[in-house]
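One structure is given below, encoded as structure tokens.
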Amino acid sequence: MMFKLILCSLAVFLGRLAALLCRLAGREATSLPGYIALKVYPGLLGQLARGLSPVIIVTGTNGKTTTSNLLARLLAAQGRQVVSNGEGANMPAGVATALLKGARGKGHGPAAVLEVDEGSLGIVLRQVSAHLVVVTNLLRDQLDRYHELDQLASSIKGALAQVPEARLLLNADDPLVASLGGDGREVIYYSLERTPLSRTRPADVLEGHLCPSCRVPLAYTYYHYGHLGSYRCPHCGWARPEGAFRGEDFHREEDGFSLDFVFNDGRIRLTSPLPGVYNAYNVLAAGSAGMLLGVEPSVIREVVKDFRPGRGRVEGFRLAGKEGVLVLVKNPVGMAEALRTVAGNRPAAYVVAINDLAADGRDVSWLWDVDLEPLLKSPYARIICSGLRAWDMAVCLKYSGVSLEALRVIPDLEAALREAVEEPVDYLIILSTYTNLALCRRLLKGMGAQSEAAYMPPVSRPA
Amino acid sequence: MKLHICHLYPDLLNLYGDRGNLLVLYRRARWRGIAVEITGVSLGDPLDPKLYDLFFLGGGPDQEQGVAAGDLLTKGPWLREAVEEGAAVLAICGGYQLVGRYYRTAGGDILPGLGLLPVYTEAGNSRLKGNIAVRSPCLDDPRPVVGFENHGGRTFIEAEGSGEPLGYVVFGFGNNGSDGTEGCICGKVIGTYLHGPLLAKNPHLADYVLSLALKRRYRGVVLPPLEDELEWKANEAFLRRFGRGVGERENKKGVTLARSAAG
């Protein structure tokens, strides 16, 4: 016991020391301090989380970072102190780093909003007793890591069984996520009703669209994207659960979207500057969680109106008089949604930087599952393929119908970016997998890019 | 000239960019002035054995594959008839297992397959996954066939059957990780674990499949060569990176970069 206590204190001390050293060296530390501390004392997560209440965990394939950042913002605006790993470092080391910064002993401490990688959920929940777990969606992603969605869903089920007291907030529109409920605990659903962008036929390659009990394909009245939509099993009648929180009357606006946020006894109109239907889901998830935790609807309206994640999936910048966006792409549905959002009617130069390291997914065949229609229809002036798998991307684009004159392959990222800036268009679209993203940012900054979305510091930190 | 392709279970067996194979076949036929019609055939749909020159089966997640397997057995007689009359079959990953004789689960249950290929598959303890290159004696062009594999099953070619390996492993696992073979070809039926998708970086194999399919209706078809610079560059870049240890150094450098950036 004594030994454990000493180890634990040592772990916290070393972790905080590492954080301090990183800060002194001018680096952001989002994982290293937690990594060191967990090496010293693996049971540290549970210790650190003890003083935090409530603990909210956000998991799922896409939308974790934006949802948890917005939720942390909502709680802070309601006057709560919040600890959060808002930088997207969502493996156990990242979670520990956030907790090291925030946790201060026992008693009524701050709230914690933790984004947790869907594959790490079991490890985190074994130690941290969450009060609310939010699951955004389960889409095909990194098949070499989590090779099948059904297995991922059952491993999440197993992880959730470790926290039987926790309430679940689930996306009703995703049948795999919706099927996580039904183990007797309190489950709350949120959903998005039909929008002008809804489709009656799927645009993306489908997975997870079988009835969880009958194993027959579900019948959809409409799809938002991927297998998200309104569904019913033609065999047993199992259908999309009714959302306690619903998004209705969605409209795409000049800048972002607006929708009616509908809850038990009310409805408010929310406007958001964030693009795309996937961000409507992020706003719904965070808004619903906020309501469950006592955030006032008026606070939600005010915060959502101005909320732009500093490092969300779409980052705006200006460079050499041109407008640019840098977008993280990591799976077929995410990349298709990103293209639907950024590829418009303006002639653009693209850089598509594809890597295949562990964090990107080693198998790049997912590129061929992306619905490239929005790109193919847009007036692209040039598409430059870059990264370790530049040639794979180029072959995929060639067969998708991109003209060879517009296509270039420049594996070196810096050379690719310089080439793109030279193009006689005023719109740059840079799509990058995870391990190229930080390098993209650094190179763009070095070339003189000015960030458009003001960088937001992490939400309130307890003194 | 017109090529009729049947895509079996496009809504269920669609993992790992498999639909890209159809796109590659479609374009390579169209670029040579050959018309192509691709028809999706799924659960409960009838299948006309006279209509198609090529049947394509991809891989799927366990659940979906199980659903497709049950239905596929009911289509078995039609498919066998089509193959006897000269249709070609390309089956990948899960599809490869389904056209074999059987799959033996970890619990010892035998799940029957179509038997179009003289192979059988047994459940393994670990998944065999990673980049792979094989040399295929079927192809006149000696350059390796490259792709990515990710399978739990171990597949074996029956010793006394008439099946030959589609290729011999240069690096990677192949059929079972032990005998150095990859895939199987028997007449005009091809099964393989490679995706990436399979035909994207392997134009020689793509044209081989195309010519097998065209043979059903047209004699002596010679496919004129295409401009395949990008495809071969992708093939070469793959071999440079994963074939000679070059990839490992690149990996390490890349990971360090990513780590330091994430803090």
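Every chain in the structure tokens takes a letter, A first, then B, and so on in the order presented; its residues are numbered from 1, and the ligands are numbered from 1 following the presented order.
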Wanna dump the stretch 17-47 of chain B-stretch 76-92 of chain B contacts at 12 Å for me, each residue with its shortest atom pair and the distance in Å to one decimal, counting only C-alpha atoms, ordered by chain and number, as CSV?
residue,atom,partner,partner_atom,distance
B:Gly17,CA,B:Ile92,CA,11.0
B:Asp18,CA,B:Ile92,CA,8.0
B:Arg19,CA,B:Ile92,CA,10.9
B:Asn21,CA,B:Leu90,CA,9.7
B:Leu22,CA,B:Leu90,CA,10.4
B:Leu25,CA,B:Leu90,CA,11.4
B:Asp45,CA,B:Trp78,CA,11.9
B:Pro46,CA,B:Trp78,CA,9.1
B:Leu47,CA,B:Trp78,CA,6.7
Which polymer residues have any atom within 7 Å of an atom of stretch 120-134 of chain B, counting only C-alpha atoms, with same-chain residues fewer than 6 positions away left out, as a list in words?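 Selected residues are Gln97, Gly100, Arg101, Tyr102, Tyr103, Arg104, Thr105, Ala106, Pro144, Val145, Val146, Gly147, Phe148, Glu149, Asn150, His151, Gly152, Gly153, Arg154, Thr155, Phe156, Ile157, Gly167, Tyr168, Val169, Val170, Phe171, Gly172 and Phe173 of chain B.
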Take the selection from the previous step and output its residues with N, CA, C and O atoms, as a tab-separated table (two decimals), in the first residue's frame.
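What follows is the written file part-v1.tsv:
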chain	number	residue	atom	x	y	z
B	97	GLN	N	-12.37	-17.62	-49.75
B	97	GLN	CA	-12.72	-18.72	-48.85
B	97	GLN	C	-14.07	-19.34	-49.24
B	97	GLN	O	-14.25	-20.55	-49.19
B	100	GLY	N	-13.99	-21.84	-52.09
B	100	GLY	CA	-13.24	-23.06	-51.80
B	100	GLY	C	-14.18	-24.18	-51.37
B	100	GLY	O	-15.41	-24.04	-51.41
B	101	ARG	N	-13.60	-25.32	-50.94
B	101	ARG	CA	-14.45	-26.46	-50.57
B	101	ARG	C	-15.15	-26.24	-49.23
B	101	ARG	O	-16.32	-26.52	-49.09
B	102	TYR	N	-14.40	-25.78	-48.24
B	102	TYR	CA	-15.03	-25.55	-46.94
B	102	TYR	C	-14.15	-24.65	-46.08
B	102	TYR	O	-12.98	-24.42	-46.38
B	103	TYR	N	-14.76	-24.17	-45.00
B	103	TYR	CA	-14.06	-23.38	-43.99
B	103	TYR	C	-14.28	-24.09	-42.67
B	103	TYR	O	-15.41	-24.35	-42.27
B	104	ARG	N	-13.18	-24.44	-42.00
B	104	ARG	CA	-13.30	-25.09	-40.70
B	104	ARG	C	-13.11	-24.04	-39.61
B	104	ARG	O	-12.06	-23.41	-39.50
B	105	THR	N	-14.16	-23.83	-38.78
B	105	THR	CA	-14.10	-22.79	-37.75
B	105	THR	C	-13.21	-23.26	-36.60
B	105	THR	O	-12.84	-24.44	-36.51
B	106	ALA	N	-12.91	-22.32	-35.70
B	106	ALA	CA	-12.07	-22.65	-34.54
B	106	ALA	C	-12.74	-23.73	-33.70
B	106	ALA	O	-12.08	-24.54	-33.06
B	144	PRO	N	6.39	-8.54	-59.97
B	144	PRO	CA	5.57	-9.09	-58.89
B	144	PRO	C	4.17	-8.46	-58.82
B	144	PRO	O	3.97	-7.33	-59.25
B	145	VAL	N	3.26	-9.23	-58.27
B	145	VAL	CA	1.92	-8.76	-57.94
B	145	VAL	C	1.99	-8.28	-56.49
B	145	VAL	O	2.46	-9.01	-55.63
B	146	VAL	N	1.54	-7.06	-56.23
B	146	VAL	CA	1.68	-6.50	-54.88
B	146	VAL	C	0.33	-6.13	-54.30
B	146	VAL	O	-0.62	-5.85	-55.03
B	147	GLY	N	0.24	-6.13	-52.97
B	147	GLY	CA	-1.01	-5.77	-52.32
B	147	GLY	C	-0.88	-5.84	-50.81
B	147	GLY	O	0.22	-5.84	-50.26
B	148	PHE	N	-2.03	-5.88	-50.15
B	148	PHE	CA	-2.10	-5.95	-48.69
B	148	PHE	C	-2.98	-7.14	-48.34
B	148	PHE	O	-3.97	-7.39	-49.02
B	149	GLU	N	-2.61	-7.90	-47.33
B	149	GLU	CA	-3.44	-9.04	-46.91
B	149	GLU	C	-3.83	-8.87	-45.46
B	149	GLU	O	-3.10	-8.23	-44.68
B	150	ASN	N	-4.97	-9.41	-45.10
B	150	ASN	CA	-5.47	-9.30	-43.73
B	150	ASN	C	-6.52	-10.39	-43.53
B	150	ASN	O	-7.69	-10.21	-43.84
B	151	HIS	N	-6.06	-11.55	-43.09
B	151	HIS	CA	-6.99	-12.68	-42.98
B	151	HIS	C	-6.65	-13.55	-41.78
B	151	HIS	O	-5.49	-13.73	-41.43
B	152	GLY	N	-7.71	-14.10	-41.15
B	152	GLY	CA	-7.51	-15.01	-40.03
B	152	GLY	C	-7.40	-16.45	-40.50
B	152	GLY	O	-6.74	-17.27	-39.88
B	153	GLY	N	-8.05	-16.76	-41.63
B	153	GLY	CA	-8.06	-18.14	-42.12
B	153	GLY	C	-6.75	-18.54	-42.78
B	153	GLY	O	-6.04	-17.71	-43.32
B	154	ARG	N	-6.43	-19.85	-42.67
B	154	ARG	CA	-5.28	-20.43	-43.37
B	154	ARG	C	-5.83	-21.30	-44.47
B	154	ARG	O	-6.57	-22.25	-44.19
B	155	THR	N	-5.44	-20.99	-45.69
B	155	THR	CA	-5.99	-21.72	-46.83
B	155	THR	C	-4.93	-22.65	-47.41
B	155	THR	O	-3.75	-22.28	-47.50
B	156	PHE	N	-5.36	-23.86	-47.78
B	156	PHE	CA	-4.44	-24.85	-48.34
B	156	PHE	C	-4.99	-25.37	-49.66
B	156	PHE	O	-6.20	-25.61	-49.78
B	157	ILE	N	-4.09	-25.53	-50.62
B	157	ILE	CA	-4.49	-26.09	-51.91
B	157	ILE	C	-4.43	-27.61	-51.79
B	157	ILE	O	-3.44	-28.16	-51.32
B	167	GLY	N	0.32	-17.43	-57.08
B	167	GLY	CA	1.67	-16.90	-57.03
B	167	GLY	C	2.46	-17.50	-55.89
B	167	GLY	O	1.93	-18.24	-55.05
B	168	TYR	N	3.76	-17.17	-55.88
B	168	TYR	CA	4.66	-17.60	-54.80
B	168	TYR	C	5.15	-16.37	-54.06
B	168	TYR	O	5.55	-15.38	-54.67
B	169	VAL	N	5.11	-16.45	-52.72
B	169	VAL	CA	5.36	-15.28	-51.89
B	169	VAL	C	6.81	-14.79	-52.00
B	169	VAL	O	7.74	-15.57	-51.84
B	170	VAL	N	6.98	-13.52	-52.29
B	170	VAL	CA	8.29	-12.88	-52.23
B	170	VAL	C	8.50	-12.35	-50.81
B	170	VAL	O	9.51	-12.58	-50.17
B	171	PHE	N	7.53	-11.59	-50.31
B	171	PHE	CA	7.47	-11.28	-48.88
B	171	PHE	C	6.01	-11.15	-48.48
B	171	PHE	O	5.16	-10.87	-49.32
B	172	GLY	N	5.70	-11.43	-47.21
B	172	GLY	CA	4.33	-11.47	-46.74
B	172	GLY	C	3.98	-12.88	-46.31
B	172	GLY	O	4.88	-13.72	-46.15
B	173	PHE	N	2.69	-13.18	-46.11
B	173	PHE	CA	2.27	-14.48	-45.60
B	173	PHE	C	1.71	-15.41	-46.68
B	173	PHE	O	2.05	-16.56	-46.76
Name the residues in contact with stretch 60-72 of chain B at a cut-off of 8 Å, using only C-alpha atoms, excluding same-chain residues fewer than 5 positions from it; report them as a list in words.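 The neighbour list is Glu148, Leu149, Asp150, Leu210, Arg215 and Val216 of chain A; Tyr9, Leu12, Leu13, Asn14, Leu15, Leu43, Gly44, Gly94, Gly95, Leu98, Gly113 and Leu114 of chain B.
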Please produce a file of the residues just selected, as a PDB file, in the first residue's frame, where the atoms kept are C-alpha atoms.
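This went into again-v9.pdb:
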ATOM      1  CA  GLU A 148     -14.291  -5.285 -38.255  1.00  0.00           C
ATOM      2  CA  LEU A 149     -16.959  -2.974 -36.953  1.00  0.00           C
ATOM      3  CA  ASP A 150     -18.937  -5.732 -35.269  1.00  0.00           C
ATOM      4  CA  LEU A 210     -27.431  -5.262 -40.643  1.00  0.00           C
ATOM      5  CA  ARG A 215     -28.602 -10.146 -39.414  1.00  0.00           C
ATOM      6  CA  VAL A 216     -30.665  -9.008 -42.379  1.00  0.00           C
TER       7      VAL A 216
ATOM      8  CA  TYR B   9     -23.183  -9.141 -52.945  1.00  0.00           C
ATOM      9  CA  LEU B  12     -22.283  -7.176 -48.142  1.00  0.00           C
ATOM     10  CA  LEU B  13     -18.846  -8.119 -49.474  1.00  0.00           C
ATOM     11  CA  ASN B  14     -17.246  -4.732 -49.933  1.00  0.00           C
ATOM     12  CA  LEU B  15     -14.380  -4.484 -47.473  1.00  0.00           C
ATOM     13  CA  LEU B  43     -29.479 -11.786 -51.416  1.00  0.00           C
ATOM     14  CA  GLY B  44     -32.405 -13.614 -52.961  1.00  0.00           C
ATOM     15  CA  GLY B  94     -13.580 -13.727 -47.811  1.00  0.00           C
ATOM     16  CA  GLY B  95     -14.846 -14.409 -51.331  1.00  0.00           C
ATOM     17  CA  LEU B  98     -16.357 -18.971 -50.002  1.00  0.00           C
ATOM     18  CA  GLY B 113     -18.215 -23.542 -49.762  1.00  0.00           C
ATOM     19  CA  LEU B 114     -18.987 -23.610 -53.463  1.00  0.00           C
TER      20      LEU B 114
END
9 Å contacts from chain A to chain B using only C-alpha atoms, as a ChimeraX atom specification: /A:22,27-33,89,143-144,147-150,205-208,210,215-217,356-359,362-370,388-392,394-396,398-401,434-439
What does the distance between atom CA of A:Gly88 and atom CA of A:Thr67 come to in Å, to one decimal place?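 According to the coordinates, atom CA of A:Gly88 and atom CA of A:Thr67 are separated by 10.8 Å.
In this model, the gap between atom CA of A:Asp260 and atom CA of A:Asn137 comes to 21.1 Å.
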Just to confirm, what's the straight-line distance from atom CA of B:Val209 to atom CA of B:Asn176 in Å (one decimal)? 23.7 Å
Which residues come within 12 Å of A:Leu75, counting only C-alpha atoms, excluding same-chain residues fewer than 2 positions away, as a VMD selection string? chain A and resid 53 to 56 68 to 73 77 to 84 110 to 113 286 to 287 289 to 297 299 to 300 303 459 to 460
Export of the given selection (N, CA, C and O atoms) as a short mmCIF file (atom, residue, chain, number, x, y, z; two decimals), in the first residue's frame:
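Okay, out31.cif is ready:
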data_model
loop_
_atom_site.label_atom_id
_atom_site.label_comp_id
_atom_site.auth_asym_id
_atom_site.auth_seq_id
_atom_site.Cartn_x
_atom_site.Cartn_y
_atom_site.Cartn_z
N SER A 53 -15.50 15.26 -11.00
CA SER A 53 -16.91 14.94 -11.08
C SER A 53 -17.66 16.06 -11.80
O SER A 53 -17.48 17.22 -11.43
N PRO A 54 -18.49 15.72 -12.75
CA PRO A 54 -18.63 14.40 -13.34
C PRO A 54 -17.52 14.12 -14.36
O PRO A 54 -16.86 15.04 -14.81
N VAL A 55 -17.35 12.82 -14.67
CA VAL A 55 -16.41 12.44 -15.73
C VAL A 55 -17.23 12.04 -16.96
O VAL A 55 -18.07 11.14 -16.89
N ILE A 56 -17.00 12.74 -18.06
CA ILE A 56 -17.72 12.44 -19.30
C ILE A 56 -16.71 11.92 -20.31
O ILE A 56 -15.66 12.54 -20.53
N SER A 68 -16.02 16.77 -27.88
CA SER A 68 -15.55 16.95 -26.50
C SER A 68 -15.08 18.38 -26.26
O SER A 68 -15.29 18.93 -25.19
N ASN A 69 -14.49 19.01 -27.28
CA ASN A 69 -14.10 20.42 -27.12
C ASN A 69 -15.33 21.30 -26.89
O ASN A 69 -15.32 22.18 -26.03
N LEU A 70 -16.37 21.06 -27.68
CA LEU A 70 -17.58 21.88 -27.55
C LEU A 70 -18.23 21.64 -26.19
O LEU A 70 -18.66 22.59 -25.52
N LEU A 71 -18.28 20.38 -25.77
CA LEU A 71 -18.90 20.06 -24.48
C LEU A 71 -18.12 20.72 -23.34
O LEU A 71 -18.70 21.30 -22.42
N ALA A 72 -16.79 20.67 -23.42
CA ALA A 72 -15.97 21.31 -22.38
C ALA A 72 -16.26 22.81 -22.37
O ALA A 72 -16.37 23.44 -21.31
N ARG A 73 -16.41 23.38 -23.55
CA ARG A 73 -16.72 24.81 -23.66
C ARG A 73 -18.06 25.14 -23.02
O ARG A 73 -18.23 26.15 -22.34
N ALA A 77 -18.70 27.53 -19.87
CA ALA A 77 -19.57 28.70 -19.99
C ALA A 77 -20.65 28.69 -18.91
O ALA A 77 -21.19 29.72 -18.54
N GLN A 78 -20.97 27.49 -18.42
CA GLN A 78 -21.96 27.38 -17.35
C GLN A 78 -21.29 27.59 -15.99
O GLN A 78 -21.92 27.51 -14.95
N GLY A 79 -19.99 27.85 -16.00
CA GLY A 79 -19.29 28.18 -14.77
C GLY A 79 -18.56 27.02 -14.13
O GLY A 79 -18.08 27.13 -13.00
N ARG A 80 -18.47 25.88 -14.85
CA ARG A 80 -17.75 24.74 -14.28
C ARG A 80 -16.27 24.82 -14.60
O ARG A 80 -15.88 25.32 -15.66
N GLN A 81 -15.46 24.30 -13.70
CA GLN A 81 -14.07 24.08 -14.07
C GLN A 81 -13.99 22.77 -14.82
O GLN A 81 -14.65 21.80 -14.45
N VAL A 82 -13.19 22.74 -15.88
CA VAL A 82 -13.18 21.55 -16.74
C VAL A 82 -11.75 21.12 -17.05
O VAL A 82 -10.90 21.95 -17.38
N VAL A 83 -11.52 19.84 -16.93
CA VAL A 83 -10.26 19.25 -17.38
C VAL A 83 -10.57 18.50 -18.67
O VAL A 83 -11.58 17.80 -18.74
N SER A 84 -9.72 18.67 -19.69
CA SER A 84 -10.05 18.05 -20.96
C SER A 84 -8.79 17.77 -21.76
O SER A 84 -7.83 18.54 -21.70
N PRO A 110 -13.03 19.54 -10.37
CA PRO A 110 -13.59 19.97 -11.64
C PRO A 110 -14.22 18.80 -12.40
O PRO A 110 -14.01 17.63 -12.06
N ALA A 111 -14.97 19.14 -13.43
CA ALA A 111 -15.52 18.14 -14.34
C ALA A 111 -14.43 17.71 -15.31
O ALA A 111 -13.48 18.46 -15.55
N ALA A 112 -14.55 16.51 -15.86
CA ALA A 112 -13.59 16.06 -16.86
C ALA A 112 -14.33 15.67 -18.12
O ALA A 112 -15.32 14.94 -18.07
N VAL A 113 -13.87 16.19 -19.26
CA VAL A 113 -14.41 15.76 -20.56
C VAL A 113 -13.27 15.11 -21.30
O VAL A 113 -12.30 15.77 -21.68
N ALA A 286 -22.80 17.22 -28.31
CA ALA A 286 -22.33 18.07 -27.22
C ALA A 286 -23.49 18.78 -26.54
O ALA A 286 -23.54 18.90 -25.31
N GLY A 287 -24.45 19.28 -27.34
CA GLY A 287 -25.61 19.98 -26.79
C GLY A 287 -26.42 19.05 -25.89
O GLY A 287 -26.83 19.44 -24.79
N ALA A 289 -25.41 16.29 -24.34
CA ALA A 289 -24.64 16.00 -23.12
C ALA A 289 -24.69 17.20 -22.19
O ALA A 289 -24.86 17.06 -20.98
N GLY A 290 -24.57 18.39 -22.76
CA GLY A 290 -24.63 19.62 -21.96
C GLY A 290 -25.96 19.71 -21.22
O GLY A 290 -25.99 19.98 -20.01
N MET A 291 -27.06 19.45 -21.94
CA MET A 291 -28.38 19.52 -21.30
C MET A 291 -28.47 18.53 -20.14
O MET A 291 -29.00 18.84 -19.08
N LEU A 292 -27.94 17.31 -20.37
CA LEU A 292 -28.00 16.29 -19.33
C LEU A 292 -27.22 16.72 -18.09
O LEU A 292 -27.50 16.29 -16.98
N LEU A 293 -26.21 17.58 -18.30
CA LEU A 293 -25.36 18.01 -17.19
C LEU A 293 -25.77 19.38 -16.67
O LEU A 293 -25.02 20.03 -15.94
N GLY A 294 -26.93 19.85 -17.11
CA GLY A 294 -27.47 21.07 -16.52
C GLY A 294 -27.06 22.36 -17.18
O GLY A 294 -27.22 23.44 -16.60
N VAL A 295 -26.56 22.30 -18.41
CA VAL A 295 -26.24 23.55 -19.11
C VAL A 295 -27.54 24.14 -19.65
O VAL A 295 -28.38 23.42 -20.20
N GLU A 296 -27.71 25.43 -19.49
CA GLU A 296 -28.93 26.10 -19.94
C GLU A 296 -28.98 26.17 -21.46
O GLU A 296 -27.96 26.42 -22.11
N PRO A 297 -30.18 26.00 -22.05
CA PRO A 297 -30.32 26.10 -23.50
C PRO A 297 -29.76 27.41 -24.06
O PRO A 297 -29.13 27.43 -25.12
N VAL A 299 -27.32 29.12 -22.95
CA VAL A 299 -25.85 29.03 -22.96
C VAL A 299 -25.41 28.22 -24.17
O VAL A 299 -24.45 28.56 -24.87
N ILE A 300 -26.13 27.12 -24.44
CA ILE A 300 -25.79 26.28 -25.60
C ILE A 300 -25.87 27.13 -26.87
O ILE A 300 -24.97 27.10 -27.71
N VAL A 303 -22.86 29.62 -27.06
CA VAL A 303 -21.55 28.99 -27.26
C VAL A 303 -21.44 28.40 -28.67
O VAL A 303 -20.44 28.58 -29.37
N VAL A 459 -9.67 24.84 -22.80
CA VAL A 459 -10.65 25.44 -21.89
C VAL A 459 -10.12 25.50 -20.47
O VAL A 459 -9.10 24.89 -20.14
N SER A 460 -10.87 26.20 -19.62
CA SER A 460 -10.37 26.64 -18.32
C SER A 460 -9.57 25.57 -17.57
O SER A 460 -9.94 24.41 -17.54
#
Identify all residues of stretch 234-363 of chain A in helix (DSSP H, G or I) (DSSP on the backbone) and supply them as a ChimeraX atom specification. /A:277-292,297-306,332-342
What lies within 8 Å of A:Ala353 using only C-alpha atoms, ignoring chain neighbours under 3 positions off, as a VMD selection string? chain A and resid 385 to 387 389 to 390 413 430 to 433 436
Selection above as a file: N, CA, C and O atoms, as a short mmCIF file (atom, residue, chain, number, x, y, z; two decimals), in the first residue's frame:
data_model
loop_
_atom_site.label_atom_id
_atom_site.label_comp_id
_atom_site.auth_asym_id
_atom_site.auth_seq_id
_atom_site.Cartn_x
_atom_site.Cartn_y
_atom_site.Cartn_z
N CYS A 385 -0.54 14.55 -55.60
CA CYS A 385 -0.53 13.47 -54.63
C CYS A 385 0.82 13.46 -53.92
O CYS A 385 1.86 13.58 -54.56
N SER A 386 0.79 13.32 -52.60
CA SER A 386 2.03 13.39 -51.84
C SER A 386 2.01 12.36 -50.72
O SER A 386 1.05 11.63 -50.55
N GLY A 387 3.11 12.29 -49.97
CA GLY A 387 3.19 11.36 -48.85
C GLY A 387 3.76 10.01 -49.27
O GLY A 387 4.09 9.78 -50.44
N ARG A 389 2.41 7.25 -49.65
CA ARG A 389 1.56 6.49 -50.58
C ARG A 389 1.00 7.38 -51.69
O ARG A 389 -0.14 7.19 -52.13
N ALA A 390 1.83 8.35 -52.11
CA ALA A 390 1.41 9.28 -53.17
C ALA A 390 0.97 8.53 -54.43
O ALA A 390 -0.04 8.86 -55.05
N LEU A 413 6.52 16.23 -49.23
CA LEU A 413 5.40 17.11 -48.87
C LEU A 413 5.72 18.58 -49.09
O LEU A 413 4.89 19.35 -49.59
N ILE A 430 -5.96 21.17 -48.89
CA ILE A 430 -4.94 20.20 -48.51
C ILE A 430 -5.58 19.12 -47.65
O ILE A 430 -6.14 19.40 -46.59
N LEU A 431 -5.55 17.90 -48.16
CA LEU A 431 -6.10 16.77 -47.43
C LEU A 431 -4.93 15.94 -46.93
O LEU A 431 -4.03 15.60 -47.70
N SER A 432 -4.94 15.62 -45.64
CA SER A 432 -3.77 14.95 -45.08
C SER A 432 -4.19 13.87 -44.10
O SER A 432 -5.11 14.06 -43.31
N THR A 433 -3.51 12.71 -44.16
CA THR A 433 -3.74 11.71 -43.12
C THR A 433 -2.99 12.15 -41.86
O THR A 433 -2.21 13.11 -41.88
N ASN A 436 0.86 13.10 -41.43
CA ASN A 436 1.37 14.21 -42.23
C ASN A 436 0.86 15.56 -41.72
O ASN A 436 1.32 16.61 -42.17
#
So which residues touch A:Ala159 within 9 Å, counting only C-alpha atoms, skipping near sequence neighbours fewer than 5 positions away, as a VMD selection string? chain A and resid 121 to 126 154
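The residue that comes closest to A:Gly276, out of A:Met335, A:Ala161, A:Ala18, A:Ala239 and on the basis of only C-alpha atoms, is A:Met335.
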To test your reading of the structure, identify every residue in stretch 65-124 of chain A that backbone DSSP assigns to strand (DSSP E or B), and report it as number ranges by chain. A: 82-84, 111-115
Take the residues that were just selected and, keeping C-alpha atoms, output them as a PDB file, in the first residue's frame.
ATOM      1  CA  VAL A  82     -13.180  21.550 -16.741  1.00  0.00           C
ATOM      2  CA  VAL A  83     -10.263  19.248 -17.376  1.00  0.00           C
ATOM      3  CA  SER A  84     -10.051  18.049 -20.962  1.00  0.00           C
ATOM      4  CA  ALA A 111     -15.516  18.140 -14.338  1.00  0.00           C
ATOM      5  CA  ALA A 112     -13.586  16.058 -16.856  1.00  0.00           C
ATOM      6  CA  VAL A 113     -14.411  15.761 -20.556  1.00  0.00           C
ATOM      7  CA  LEU A 114     -12.221  13.057 -22.012  1.00  0.00           C
ATOM      8  CA  GLU A 115     -12.043  12.027 -25.602  1.00  0.00           C
TER       9      GLU A 115
END
